[in-house]
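Visitor: Contents of model-v8.txt (compact mmCIF, C-alpha atoms and all ligand atoms) are below:
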```txt
# COMPACT_ATOMS: atom_id res chain seq x y z
CA MET A 1 100.53 89.61 123.00
CA LYS A 2 103.17 91.01 125.34
CA THR A 3 102.96 94.64 126.34
CA LEU A 4 105.47 97.40 126.99
CA ARG A 5 105.29 100.66 128.85
CA LEU A 6 105.95 103.73 126.72
CA GLY A 7 108.77 105.45 128.58
CA ALA A 8 107.63 107.25 131.69
CA THR A 9 104.05 107.52 130.50
CA GLU A 10 101.52 105.29 132.16
CA LEU A 11 100.61 103.88 128.75
CA GLN A 12 100.92 100.11 128.58
CA VAL A 13 100.69 99.06 124.95
CA SER A 14 100.99 95.92 122.82
CA GLU A 15 104.58 95.17 121.82
CA ILE A 16 103.73 96.05 118.23
CA GLY A 17 101.53 98.91 117.14
CA PHE A 18 99.65 99.92 114.03
CA GLY A 19 100.98 102.49 111.54
CA GLY A 20 98.15 104.41 109.88
CA ILE A 21 99.50 105.19 106.39
CA PRO A 22 98.69 102.07 104.35
CA ILE A 23 94.95 102.19 105.07
CA ILE A 24 94.75 105.54 103.22
CA PRO A 25 94.08 104.02 99.77
CA LEU A 26 91.83 101.21 101.05
CA PRO A 27 88.06 101.53 100.65
CA ARG A 28 86.53 102.49 104.00
CA ASP A 29 84.96 99.13 104.82
CA GLU A 30 88.17 97.27 104.01
CA ALA A 31 90.24 99.66 106.15
CA VAL A 32 87.82 99.26 109.05
CA SER A 33 88.01 95.48 108.74
CA VAL A 34 91.85 95.56 108.78
CA VAL A 35 91.90 97.74 111.91
CA ARG A 36 89.38 95.49 113.66
CA HIS A 37 91.47 92.47 112.75
CA CYS A 38 94.43 94.19 114.44
CA LEU A 39 92.29 94.67 117.54
CA ASP A 40 91.33 90.99 117.51
CA ALA A 41 95.03 90.10 117.18
CA GLY A 42 95.79 92.01 120.39
CA ILE A 43 97.20 95.26 118.97
CA THR A 44 96.31 98.17 121.24
CA PHE A 45 98.44 101.06 119.89
CA PHE A 46 97.20 102.94 116.82
CA ASP A 47 99.22 105.73 115.21
CA THR A 48 97.93 108.11 112.58
CA ALA A 49 98.27 111.78 111.59
CA ASN A 50 96.22 114.66 110.38
CA MET A 51 98.36 114.50 107.24
CA TYR A 52 97.32 110.90 106.46
CA THR A 53 94.14 112.07 104.71
CA THR A 54 91.39 109.47 105.43
CA SER A 55 93.36 107.46 108.00
CA GLU A 56 91.96 109.19 111.11
CA GLU A 57 88.39 108.92 109.93
CA LYS A 58 88.75 105.19 109.16
CA LEU A 59 90.40 104.54 112.51
CA GLY A 60 87.65 106.50 114.25
CA ILE A 61 84.98 104.25 112.74
CA ALA A 62 86.93 101.05 113.43
CA LEU A 63 87.80 101.89 117.03
CA LYS A 64 84.35 103.15 118.04
CA GLY A 65 83.19 101.14 121.03
CA HIS A 66 86.77 100.08 121.85
CA ARG A 67 88.16 103.43 122.99
CA SER A 68 89.01 102.41 126.53
CA GLN A 69 91.03 99.39 125.31
CA VAL A 70 93.29 101.28 122.90
CA VAL A 71 95.94 103.97 122.87
CA ILE A 72 95.60 106.48 120.03
CA ALA A 73 98.46 108.62 118.78
CA THR A 74 98.10 111.25 116.09
CA LYS A 75 100.09 114.24 114.83
CA THR A 76 100.01 117.75 113.46
CA ALA A 77 102.57 119.06 111.01
CA LEU A 78 101.52 122.66 111.59
CA ARG A 79 104.06 124.73 113.47
CA ASP A 80 101.87 127.46 114.97
CA ALA A 81 99.56 127.17 117.99
CA ARG A 82 96.41 128.31 116.24
CA GLY A 83 96.84 125.88 113.37
CA ALA A 84 97.81 123.01 115.66
CA ALA A 85 94.77 123.62 117.91
CA GLY A 86 92.55 123.50 114.81
CA HIS A 87 94.20 120.25 113.71
CA LEU A 88 93.71 118.73 117.14
CA ASP A 89 89.99 119.50 117.18
CA LEU A 90 89.67 118.01 113.70
CA SER A 91 91.54 114.88 114.81
CA LEU A 92 89.23 114.48 117.81
CA ARG A 93 86.21 114.70 115.53
CA GLN A 94 87.60 112.34 112.91
CA LEU A 95 88.77 109.82 115.49
CA GLN A 96 85.41 110.11 117.31
CA THR A 97 87.05 110.53 120.69
CA ASP A 98 87.26 113.09 123.50
CA TRP A 99 90.99 112.66 124.00
CA ILE A 100 94.21 111.77 122.19
CA ASP A 101 96.64 109.65 124.22
CA VAL A 102 99.78 110.85 122.44
CA TYR A 103 99.68 114.09 120.44
CA GLN A 104 102.83 114.38 118.35
CA LEU A 105 104.43 117.29 116.58
CA HIS A 106 105.00 115.78 113.15
CA ASN A 107 108.30 115.57 111.28
CA VAL A 108 110.23 118.13 113.27
CA SER A 109 113.40 117.39 111.33
CA ASN A 110 115.46 120.56 111.31
CA GLU A 111 116.50 123.34 113.64
CA ASP A 112 114.02 125.86 112.22
CA ALA A 113 111.08 123.50 112.64
CA LEU A 114 112.04 122.81 116.24
CA LYS A 115 112.42 126.53 116.98
CA GLN A 116 109.04 127.24 115.42
CA VAL A 117 107.13 124.62 117.40
CA LEU A 118 108.74 125.62 120.70
CA ALA A 119 108.51 129.42 120.19
CA PRO A 120 105.79 131.43 121.95
CA GLY A 121 102.70 130.91 119.81
CA GLY A 122 104.16 127.66 118.44
CA ALA A 123 102.47 124.27 118.11
CA TYR A 124 103.84 123.01 121.44
CA GLU A 125 101.85 125.72 123.22
CA ALA A 126 98.62 124.38 121.69
CA ALA A 127 99.49 120.81 122.65
CA ALA A 128 100.27 121.85 126.24
CA ARG A 129 97.02 123.82 126.49
CA ALA A 130 95.12 120.79 125.17
CA ARG A 131 96.83 118.62 127.77
CA ASP A 132 95.72 121.02 130.51
CA ALA A 133 92.18 120.83 129.12
CA GLY A 134 92.21 117.02 129.14
CA LYS A 135 92.12 116.66 125.35
CA VAL A 136 95.64 115.23 125.21
CA ARG A 137 97.38 112.96 127.70
CA PHE A 138 101.00 113.05 126.54
CA ILE A 139 102.96 115.13 124.05
CA GLY A 140 105.37 113.51 121.61
CA ILE A 141 107.51 114.44 118.66
CA SER A 142 108.29 112.69 115.39
CA SER A 143 111.47 113.38 113.49
CA HIS A 144 113.86 112.06 110.84
CA SER A 145 116.87 113.98 112.07
CA ILE A 146 119.06 112.70 114.89
CA PRO A 147 120.52 116.12 115.88
CA THR A 148 117.08 117.75 115.92
CA ALA A 149 115.52 114.88 117.86
CA MET A 150 118.41 115.03 120.37
CA GLU A 151 117.80 118.75 120.89
CA ALA A 152 114.09 118.14 121.30
CA LEU A 153 114.61 115.44 123.92
CA LYS A 154 117.05 117.59 125.86
CA THR A 155 114.27 120.13 126.46
CA GLY A 156 112.45 117.52 128.58
CA LEU A 157 109.17 118.60 126.99
CA PHE A 158 108.35 115.41 125.11
CA GLN A 159 107.20 112.10 126.56
CA THR A 160 107.51 110.11 123.31
CA LEU A 161 109.76 110.13 120.27
CA GLN A 162 108.81 108.62 116.93
CA PHE A 163 111.78 107.90 114.68
CA PRO A 164 112.59 105.61 111.71
CA PHE A 165 114.15 102.37 112.92
CA ASN A 166 115.01 99.18 111.11
CA PHE A 167 118.17 97.21 110.37
CA ILE A 168 119.18 99.68 107.64
CA GLU A 169 118.22 102.80 109.58
CA ASN A 170 119.90 101.79 112.83
CA ASP A 171 121.88 105.00 113.48
CA PRO A 172 119.61 106.00 116.41
CA LEU A 173 121.14 103.16 118.43
CA GLN A 174 124.33 105.17 118.81
CA GLU A 175 123.20 108.27 120.71
CA LEU A 176 119.54 109.08 120.19
CA PHE A 177 117.90 106.00 121.67
CA PRO A 178 120.28 105.83 124.65
CA LEU A 179 119.36 109.47 125.40
CA ALA A 180 115.66 108.65 125.10
CA VAL A 181 116.03 105.65 127.41
CA ARG A 182 118.00 107.73 129.96
CA ASN A 183 115.29 110.42 129.89
CA ARG A 184 112.51 107.78 130.03
CA VAL A 185 111.04 108.93 126.74
CA GLY A 186 108.89 106.28 125.04
CA ILE A 187 110.29 105.27 121.63
CA ILE A 188 107.98 104.55 118.71
CA GLY A 189 109.80 102.98 115.77
CA MET A 190 108.40 104.09 112.45
CA LYS A 191 109.21 102.32 109.18
CA PRO A 192 110.10 98.95 110.72
CA LEU A 193 110.04 97.51 107.19
CA GLY A 194 112.04 100.40 105.73
CA GLY A 195 108.86 102.03 104.44
CA GLY A 196 108.28 98.95 102.26
CA LEU A 197 111.83 98.78 100.90
CA LEU A 198 112.87 95.80 103.02
CA GLU A 199 111.23 92.65 101.74
CA ARG A 200 112.47 90.18 104.38
CA ALA A 201 109.92 90.85 107.12
CA ASP A 202 111.34 87.95 109.15
CA LEU A 203 114.73 89.69 109.35
CA CYS A 204 113.14 93.05 110.13
CA PHE A 205 111.26 91.70 113.11
CA LYS A 206 114.10 89.56 114.40
CA PHE A 207 116.20 92.72 114.41
CA LEU A 208 113.50 94.73 116.18
CA GLN A 209 112.97 92.05 118.80
CA GLN A 210 116.55 92.65 119.90
CA HIS A 211 115.43 96.15 120.94
CA PRO A 212 112.24 95.48 122.88
CA TYR A 213 112.08 98.98 124.39
CA VAL A 214 111.17 100.29 120.90
CA LEU A 215 107.52 100.05 119.88
CA PRO A 216 107.46 99.28 116.13
CA ILE A 217 104.43 100.46 114.18
CA PRO A 218 104.32 98.53 110.91
CA GLY A 219 101.81 99.75 108.37
CA VAL A 220 99.53 96.94 107.26
CA ARG A 221 96.79 96.82 104.66
CA SER A 222 95.52 93.26 104.88
CA ASN A 223 94.63 90.71 107.53
CA LYS A 224 97.25 88.38 106.07
CA GLU A 225 100.02 90.93 106.71
CA ILE A 226 98.92 91.40 110.33
CA ASP A 227 98.71 87.66 110.92
CA GLN A 228 102.24 87.22 109.59
CA ILE A 229 103.65 89.94 111.84
CA VAL A 230 101.80 88.73 114.91
CA GLN A 231 103.17 85.26 114.23
CA PHE A 232 106.74 86.66 114.43
CA TYR A 233 105.91 87.91 117.92
CA ARG A 234 104.08 84.82 119.12
CA ASN A 235 106.96 82.59 118.06
CA PRO A 236 110.06 84.80 118.17
CA GLU A 237 113.21 83.26 116.72
CA PRO A 238 116.76 84.24 117.53
CA MET A 239 118.97 85.85 114.90
CA SER A 240 121.07 83.15 113.19
CA GLU A 241 124.46 83.47 111.49
CA ALA A 242 122.69 83.19 108.15
CA ASP A 243 120.35 86.04 109.15
CA LEU A 244 123.27 88.28 110.08
CA LYS A 245 124.93 87.58 106.74
CA ALA A 246 121.68 88.30 104.90
CA ILE A 247 121.34 91.61 106.78
CA GLU A 248 124.91 92.58 105.91
CA SER A 249 124.32 91.74 102.28
CA ILE A 250 121.10 93.83 102.16
CA ARG A 251 122.88 96.69 103.95
CA SER A 252 125.73 96.77 101.47
CA ASP A 253 123.35 96.45 98.55
CA LEU A 254 121.02 99.24 99.66
CA GLY A 255 123.56 101.34 101.47
CA LYS A 256 124.66 103.25 98.41
CA LYS A 257 121.17 104.17 97.28
CA PHE A 258 119.04 104.19 100.38
CA CYS A 259 117.66 107.55 101.43
CA HIS A 260 117.43 107.62 105.22
CA ARG A 261 115.05 110.61 105.12
CA CYS A 262 117.25 112.45 107.57
CA GLU A 263 116.73 115.76 105.72
CA TYR A 264 120.35 116.85 106.17
CA CYS A 265 120.36 117.71 102.44
CA MET A 266 117.56 120.28 102.88
CA PRO A 267 116.65 122.92 102.04
CA CYS A 268 117.13 122.89 98.28
CA GLU A 269 117.04 126.40 96.86
CA GLN A 270 115.09 125.16 93.87
CA GLY A 271 112.40 123.69 96.11
CA VAL A 272 113.09 120.05 95.25
CA GLN A 273 111.54 117.77 97.90
CA ILE A 274 114.46 115.41 97.79
CA SER A 275 113.59 112.71 100.33
CA SER A 276 109.98 112.49 99.11
CA VAL A 277 111.12 111.99 95.51
CA LEU A 278 113.54 109.30 96.65
CA MET A 279 110.66 107.50 98.39
CA LEU A 280 109.03 106.60 95.10
CA LYS A 281 110.15 102.96 94.90
CA PRO A 282 109.14 101.92 98.44
CA ALA A 283 105.85 103.80 98.05
CA ALA A 284 105.18 102.03 94.75
CA LYS A 285 105.64 98.67 96.43
CA ARG A 286 103.02 99.41 99.06
CA LEU A 287 100.49 101.73 97.51
CA SER A 288 98.20 101.58 94.50
CA ARG A 289 98.95 103.72 91.42
CA GLU A 290 96.41 106.29 92.59
CA GLY A 291 97.83 106.12 96.11
CA VAL A 292 101.33 106.92 94.83
CA LYS A 293 100.04 109.80 92.71
CA GLY A 294 98.06 111.23 95.61
CA TRP A 295 100.89 110.84 98.09
CA LEU A 296 103.91 111.82 96.02
CA GLY A 297 102.55 113.49 92.89
CA ALA A 298 103.26 117.06 94.01
CA ALA A 299 106.73 116.15 95.31
CA MET A 300 107.62 114.38 92.06
CA GLU A 301 106.88 117.57 90.12
CA THR A 302 109.54 119.40 92.14
CA ALA A 303 112.20 116.99 90.82
CA GLU A 304 111.93 118.78 87.46
CA LYS A 305 113.42 121.88 89.08
CA CYS A 306 116.77 120.27 89.98
CA VAL A 307 119.63 122.23 88.37
CA GLU A 308 122.25 119.70 89.52
CA CYS A 309 124.10 122.27 91.64
CA GLY A 310 125.41 119.44 93.84
CA GLU A 311 124.84 121.27 97.17
CA CYS A 312 122.59 118.54 98.55
CA GLU A 313 125.13 115.84 97.71
CA GLN A 314 127.76 117.65 99.77
CA LYS A 315 125.41 117.71 102.76
CA CYS A 316 124.20 114.10 102.48
CA PRO A 317 126.02 112.04 105.14
CA TYR A 318 125.45 108.89 103.07
CA LYS A 319 127.06 110.40 99.95
CA LEU A 320 124.05 109.49 97.85
CA PRO A 321 124.23 110.47 94.15
CA ILE A 322 121.11 112.59 94.67
CA SER A 323 120.91 114.24 91.22
CA ASP A 324 121.11 110.86 89.48
CA LEU A 325 118.58 109.32 91.85
CA LEU A 326 116.19 112.23 91.29
CA LYS A 327 116.42 111.73 87.53
CA GLU A 328 115.96 107.98 87.85
CA ASN A 329 112.91 108.34 90.10
CA LEU A 330 111.37 111.06 87.96
CA ALA A 331 111.74 108.91 84.83
CA LEU A 332 110.12 105.97 86.64
CA TYR A 333 107.28 108.15 87.85
CA LYS A 334 106.60 109.55 84.38
CA HIS A 335 106.69 106.09 82.85
CA TYR A 336 104.49 104.25 85.32
CA PHE A 337 102.39 106.78 87.17
CA SER A 338 101.77 110.07 85.43
CA ALA A 339 100.65 108.75 82.03
S1 LIG B 1 121.35 119.18 93.11
FE1 LIG B 1 119.22 119.55 92.65
S2 LIG B 1 118.12 118.81 94.43
FE2 LIG B 1 120.26 119.06 95.04
S3 LIG B 1 120.33 121.12 95.97
FE3 LIG B 1 120.91 121.28 93.79
S4 LIG B 1 118.97 121.77 92.75
FE4 LIG B 1 118.44 120.98 94.79
S1 LIG B 2 119.27 112.34 100.35
FE1 LIG B 2 120.78 111.96 101.97
S2 LIG B 2 120.68 113.77 103.28
FE2 LIG B 2 118.86 113.79 102.00
S3 LIG B 2 117.29 112.82 103.23
FE3 LIG B 2 118.20 111.21 101.96
S4 LIG B 2 119.85 110.34 103.17
FE4 LIG B 2 119.29 112.26 104.15
```
Please express what this file holds, its structure, as structure tokens.

Guide:
Amino acid sequence: MKTLRLGATELQVSEIGFGGIPIIPLPRDEAVSVVRHCLDAGITFFDTANMYTTSEEKLGIALKGHRSQVVIATKTALRDARGAAGHLDLSLRQLQTDWIDVYQLHNVSNEDALKQVLAPGGAYEAAARARDAGKVRFIGISSHSIPTAMEALKTGLFQTLQFPFNFIENDPLQELFPLAVRNRVGIIGMKPLGGGLLERADLCFKFLQQHPYVLPIPGVRSNKEIDQIVQFYRNPEPMSEADLKAIESIRSDLGKKFCHRCEYCMPCEQGVQISSVLMLKPAAKRLSREGVKGWLGAAMETAEKCVECGECEQKCPYKLPISDLLKENLALYKHYFSA
């Protein structure tokens, strides 16, 4: 497998990485076997997060004995230094390692979150201290908001950026990725398959191969899925006219209902976790019933609180009919998952 260098870091990684969410619902032995199959296929970049419940522990078991061959990235969603330092120590234990290659501040997707992590006593301080102590090699950030990610990169404090990127969520190509490339920040592309919403994997990877400076981290839960993806990279095919038409058709079909998880609509005064509720369908395609309940159950309950004030719809740059989508997703959840 070809490799790429992550921005200005000295990390040389396989041209596709591993996203750690889909192994959450797998039994431990099965998850370990999937990760080891990735290793055998030549994947050397493994991304996870404290928030992904059992993912770190499963990766730790699978990667034991292979530590020097792989690059491990994990994240904390806590905003304060004390909490983040605690998370980091837990990650080190669960991953069975003495160091994290890329420690990311997770889902910093609005101005307040960015201010909190960068403030004195914020999570960045803990990450920087850990880097000085040799527990962390590079510090990264993950985000769903272009303006927030732009602000974060302008500080010069982050060596990697993790951001959603696929042929539907291609807005970062306009300003964010050019800024990252100029600043030599390594780009990790999350949700290369639209979080499970995009069914044509061939189109997804053909699109991504046109942007080889982005490291995509597809989530996989079976050896068959890995083999299929690796095949796209061993035998890359150019984008055909028919592919471009198919992409346009999928874009126009999904465009009206596709939540980009940019969080511009937040906060909702009623506490509705809008983007999480709108993730129900892609999550249902990838996770088991129990996995969906565990992952989104609490968020789905917040949908009940929507009073249809319409404020979020005014803020959504994609003009999504959010109230209707919340109702539709809640009804689906009640019908299929909460019974
Ligand atoms: S319409 Fe519903 S989800 Fe949107 S801001 Fe109002 S209460 Fe919140
Ligand atoms: S509903 Fe709209 S504003 Fe809110 S996260 Fe989704 S795409 Fe962004």

Visitor: Could you tell me how far atom CA of A:Leu179 lies from atom CA of A:Pro120, in Å and to one decimal?

Guide: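 Between atom CA of A:Leu179 and atom CA of A:Pro120 the gap is 26.0 Å.
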
Visitor: Please check which protein, DNA or RNA residues sit within 10 Å of ligand LIG 1 (chain B), counting all atoms listed in the file, and write them as a ChimeraX atom specification.

Guide: /A:265-275,277,302-316,321-327

Visitor: Could you check which residues have any atom within 7 Å of (117.8, 97.7, 112.0), counting all atoms listed in the file with coordinates taken straight from the file, and then list them as a tab-separated table (two decimals) with C-alpha atoms, in the frame of the given file?

Guide:
```tsv
chain	number	residue	atom	x	y	z
A	165	PHE	CA	114.15	102.37	112.92
A	166	ASN	CA	115.01	99.18	111.11
A	167	PHE	CA	118.17	97.21	110.37
A	168	ILE	CA	119.18	99.68	107.64
A	169	GLU	CA	118.22	102.80	109.58
A	170	ASN	CA	119.90	101.79	112.83
A	204	CYS	CA	113.14	93.05	110.13
A	207	PHE	CA	116.20	92.72	114.41
A	208	LEU	CA	113.50	94.73	116.18
```

Visitor: Name the residues in contact with A:Gly19 at a cut-off of 9 Å, using only C-alpha atoms, excluding same-chain residues fewer than 5 positions from it; report them as a list in words.

Guide: Phe45, Phe46, Asp47, Thr48, Met190, Lys191, Pro216, Ile217, Pro218, Gly219 and Val220 of chain A

Visitor: Tell me, in Å to one decimal, how far atom CA of A:Val71 is from atom CA of A:Gln162.

Guide: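 One can read the atom CA of A:Val71 to atom CA of A:Gln162 distance as 14.9 Å.
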
Visitor: To one decimal place, how far is atom CA of A:Ala152 from atom CA of A:Asp98 in Å?

Guide: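 We find that atom CA of A:Ala152 and atom CA of A:Asp98 lie 27.4 Å from each other.
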
Visitor: Given all atoms listed in the file as the basis, pick out the residue of A:Tyr213, A:Phe18, A:Phe163, A:Tyr318 nearest to ligand LIG 2 (chain B).

Guide: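 Once distances to ligand LIG 2 (chain B) are computed over all atoms listed in the file, the minimum belongs to A:Tyr318.
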
Visitor: Between A:Leu157, A:Ile61, A:Leu332, A:Ala81, single out the one closest to A:Glu125, counting all atoms listed in the file.

Guide: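 Result for the nearest residue to A:Glu125: A:Ala81.
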
Visitor: Which residue out of A:Leu88, A:Val32, A:Ile16, A:Leu330 has the minimum interatomic distance to A:Glu301 when all atoms listed in the file are used?

Guide: A:Leu330

Visitor: Using all atoms listed in the file - which residues lie no farther than 8 Å from the point (110.5, 97.9, 121.3) in the file's frame? Write them as a ChimeraX atom specification.

Guide: /A:4,15-16,187-189,208-209,211-216

Visitor: Output C-alpha atoms for every residue in that selection, as a compact mmCIF listing (two decimals), keeping the file's coordinate frame.

Guide:
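result_39.txt, freshly written:
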```
# COMPACT_ATOMS: atom_id res chain seq x y z
CA LEU A 4 105.47 97.40 126.99
CA GLU A 15 104.58 95.17 121.82
CA ILE A 16 103.73 96.05 118.23
CA ILE A 187 110.29 105.27 121.63
CA ILE A 188 107.98 104.55 118.71
CA GLY A 189 109.80 102.98 115.77
CA LEU A 208 113.50 94.73 116.18
CA GLN A 209 112.97 92.05 118.80
CA HIS A 211 115.43 96.15 120.94
CA PRO A 212 112.24 95.48 122.88
CA TYR A 213 112.08 98.98 124.39
CA VAL A 214 111.17 100.29 120.90
CA LEU A 215 107.52 100.05 119.88
CA PRO A 216 107.46 99.28 116.13
```

Visitor: Find the residues near stretch 198-200 of chain A: any atom within 9 Å, counting only C-alpha atoms, skip ones fewer than 6 places away on the same chain, and give them as a PyMOL selection string.

Guide: chain A and resi 168+192+250+282

Visitor: Give the answer as one residue: which of A:Tyr264, A:Phe158, A:Phe205, A:Phe337 has the shortest atom-to-atom distance to A:Leu193, using all atoms listed in the file?

Guide: A:Phe205

Visitor: Compare A:Ile24, A:Met1, A:Val13, A:Leu254 by their minimum atom-to-atom distance to A:Glu290, counting only C-alpha atoms, and give me the closest one.

Guide: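 Among A:Ile24, A:Met1, A:Val13, A:Leu254, it is A:Ile24 that comes nearest to A:Glu290.
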
Visitor: Pick from A:Gly60, A:Gly7, A:Pro172, A:Pro317: nearest to A:Thr160, with only C-alpha atoms counted?

Guide: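 Checking each of A:Gly60, A:Gly7, A:Pro172, A:Pro317 against A:Thr160, counting only C-alpha atoms, the winner is A:Gly7.
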
Visitor: Find the residues around A:Ile139 up to 6 Å (all atoms listed in the file counted), leave out those fewer than 2 positions away in its own chain, and share them as a list in words.

Guide: Val102, Tyr103, Gln104, Phe158 and Gln159 of chain A

Visitor: Could those selected residues go to a file with C-alpha atoms, as a PDB file, in the coordinates of the input?

Guide:
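Writing the result to again27.pdb gives the following:
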```
ATOM      1  CA  VAL A 102      99.780 110.850 122.440  1.00  0.00           C
ATOM      2  CA  TYR A 103      99.680 114.090 120.440  1.00  0.00           C
ATOM      3  CA  GLN A 104     102.830 114.380 118.350  1.00  0.00           C
ATOM      4  CA  PHE A 158     108.350 115.410 125.110  1.00  0.00           C
ATOM      5  CA  GLN A 159     107.200 112.100 126.560  1.00  0.00           C
TER       6      GLN A 159
END
```

Visitor: As a PDB file with C-alpha atoms, keeping the file's coordinate frame, please: the residues near A:Tyr336 (cut-off 12 Å, all atoms listed in the file, same-chain neighbours under 2 positions excluded).

Guide:
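Dumped to selection.pdb:
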```
ATOM      1  CA  LEU A 280     109.030 106.600  95.100  1.00  0.00           C
ATOM      2  CA  LYS A 281     110.150 102.960  94.900  1.00  0.00           C
ATOM      3  CA  ALA A 284     105.180 102.030  94.750  1.00  0.00           C
ATOM      4  CA  SER A 288      98.200 101.580  94.500  1.00  0.00           C
ATOM      5  CA  ARG A 289      98.950 103.720  91.420  1.00  0.00           C
ATOM      6  CA  GLU A 290      96.410 106.290  92.590  1.00  0.00           C
ATOM      7  CA  VAL A 292     101.330 106.920  94.830  1.00  0.00           C
ATOM      8  CA  LYS A 293     100.040 109.800  92.710  1.00  0.00           C
ATOM      9  CA  ASN A 329     112.910 108.340  90.100  1.00  0.00           C
ATOM     10  CA  LEU A 330     111.370 111.060  87.960  1.00  0.00           C
ATOM     11  CA  ALA A 331     111.740 108.910  84.830  1.00  0.00           C
ATOM     12  CA  LEU A 332     110.120 105.970  86.640  1.00  0.00           C
ATOM     13  CA  TYR A 333     107.280 108.150  87.850  1.00  0.00           C
ATOM     14  CA  LYS A 334     106.600 109.550  84.380  1.00  0.00           C
ATOM     15  CA  SER A 338     101.770 110.070  85.430  1.00  0.00           C
ATOM     16  CA  ALA A 339     100.650 108.750  82.030  1.00  0.00           C
TER      17      ALA A 339
END
```

Visitor: Some atoms are absent from stretch 172-177 of chain A, so rebuild all heavy atoms and return them as a PDB file, in the frame of the given file.

Guide:
```pdb
ATOM      1  N   PRO A 172     120.050 105.505 115.097  1.00  0.00           N
ATOM      2  CA  PRO A 172     119.610 106.000 116.410  1.00  0.00           C
ATOM      3  C   PRO A 172     120.131 105.186 117.581  1.00  0.00           C
ATOM      4  O   PRO A 172     120.092 105.649 118.728  1.00  0.00           O
ATOM      5  CB  PRO A 172     118.082 105.900 116.346  1.00  0.00           C
ATOM      6  CG  PRO A 172     117.709 105.635 114.953  1.00  0.00           C
ATOM      7  CD  PRO A 172     118.912 105.205 114.199  1.00  0.00           C
ATOM      8  N   LEU A 173     120.628 103.979 117.315  1.00  0.00           N
ATOM      9  CA  LEU A 173     121.140 103.160 118.430  1.00  0.00           C
ATOM     10  C   LEU A 173     122.377 103.776 119.071  1.00  0.00           C
ATOM     11  O   LEU A 173     122.704 103.472 120.217  1.00  0.00           O
ATOM     12  CB  LEU A 173     121.498 101.753 117.922  1.00  0.00           C
ATOM     13  CG  LEU A 173     120.313 100.840 117.581  1.00  0.00           C
ATOM     14  CD1 LEU A 173     120.799  99.537 116.969  1.00  0.00           C
ATOM     15  CD2 LEU A 173     119.485 100.567 118.826  1.00  0.00           C
ATOM     16  N   GLN A 174     123.069 104.643 118.277  1.00  0.00           N
ATOM     17  CA  GLN A 174     124.330 105.170 118.810  1.00  0.00           C
ATOM     18  C   GLN A 174     124.118 106.179 119.945  1.00  0.00           C
ATOM     19  O   GLN A 174     124.650 106.007 121.029  1.00  0.00           O
ATOM     20  CB  GLN A 174     125.147 105.795 117.693  1.00  0.00           C
ATOM     21  CG  GLN A 174     125.712 104.718 116.753  1.00  0.00           C
ATOM     22  CD  GLN A 174     126.264 105.303 115.481  1.00  0.00           C
ATOM     23  OE1 GLN A 174     126.606 106.484 115.438  1.00  0.00           O
ATOM     24  NE2 GLN A 174     126.344 104.502 114.443  1.00  0.00           N
ATOM     25  N   GLU A 175     123.350 107.224 119.677  1.00  0.00           N
ATOM     26  CA  GLU A 175     123.200 108.270 120.710  1.00  0.00           C
ATOM     27  C   GLU A 175     121.745 108.590 121.046  1.00  0.00           C
ATOM     28  O   GLU A 175     121.413 108.852 122.193  1.00  0.00           O
ATOM     29  CB  GLU A 175     123.844 109.575 120.212  1.00  0.00           C
ATOM     30  CG  GLU A 175     125.345 109.555 120.218  1.00  0.00           C
ATOM     31  CD  GLU A 175     125.877 110.923 119.869  1.00  0.00           C
ATOM     32  OE1 GLU A 175     125.994 111.198 118.659  1.00  0.00           O
ATOM     33  OE2 GLU A 175     126.134 111.721 120.778  1.00  0.00           O
ATOM     34  N   LEU A 176     120.909 108.589 119.983  1.00  0.00           N
ATOM     35  CA  LEU A 176     119.540 109.080 120.190  1.00  0.00           C
ATOM     36  C   LEU A 176     118.734 108.170 121.125  1.00  0.00           C
ATOM     37  O   LEU A 176     118.137 108.641 122.103  1.00  0.00           O
ATOM     38  CB  LEU A 176     118.839 109.225 118.838  1.00  0.00           C
ATOM     39  CG  LEU A 176     117.401 109.714 118.896  1.00  0.00           C
ATOM     40  CD1 LEU A 176     117.311 111.091 119.560  1.00  0.00           C
ATOM     41  CD2 LEU A 176     116.785 109.758 117.495  1.00  0.00           C
ATOM     42  N   PHE A 177     118.706 106.885 120.834  1.00  0.00           N
ATOM     43  CA  PHE A 177     117.900 106.000 121.670  1.00  0.00           C
ATOM     44  C   PHE A 177     118.461 105.889 123.100  1.00  0.00           C
ATOM     45  O   PHE A 177     117.683 105.889 124.065  1.00  0.00           O
ATOM     46  CB  PHE A 177     117.728 104.624 121.028  1.00  0.00           C
ATOM     47  CG  PHE A 177     116.759 104.608 119.856  1.00  0.00           C
ATOM     48  CD1 PHE A 177     116.118 105.766 119.430  1.00  0.00           C
ATOM     49  CD2 PHE A 177     116.475 103.425 119.170  1.00  0.00           C
ATOM     50  CE1 PHE A 177     115.225 105.767 118.355  1.00  0.00           C
ATOM     51  CE2 PHE A 177     115.581 103.416 118.095  1.00  0.00           C
ATOM     52  CZ  PHE A 177     114.966 104.578 117.686  1.00  0.00           C
TER      53      PHE A 177
END
```
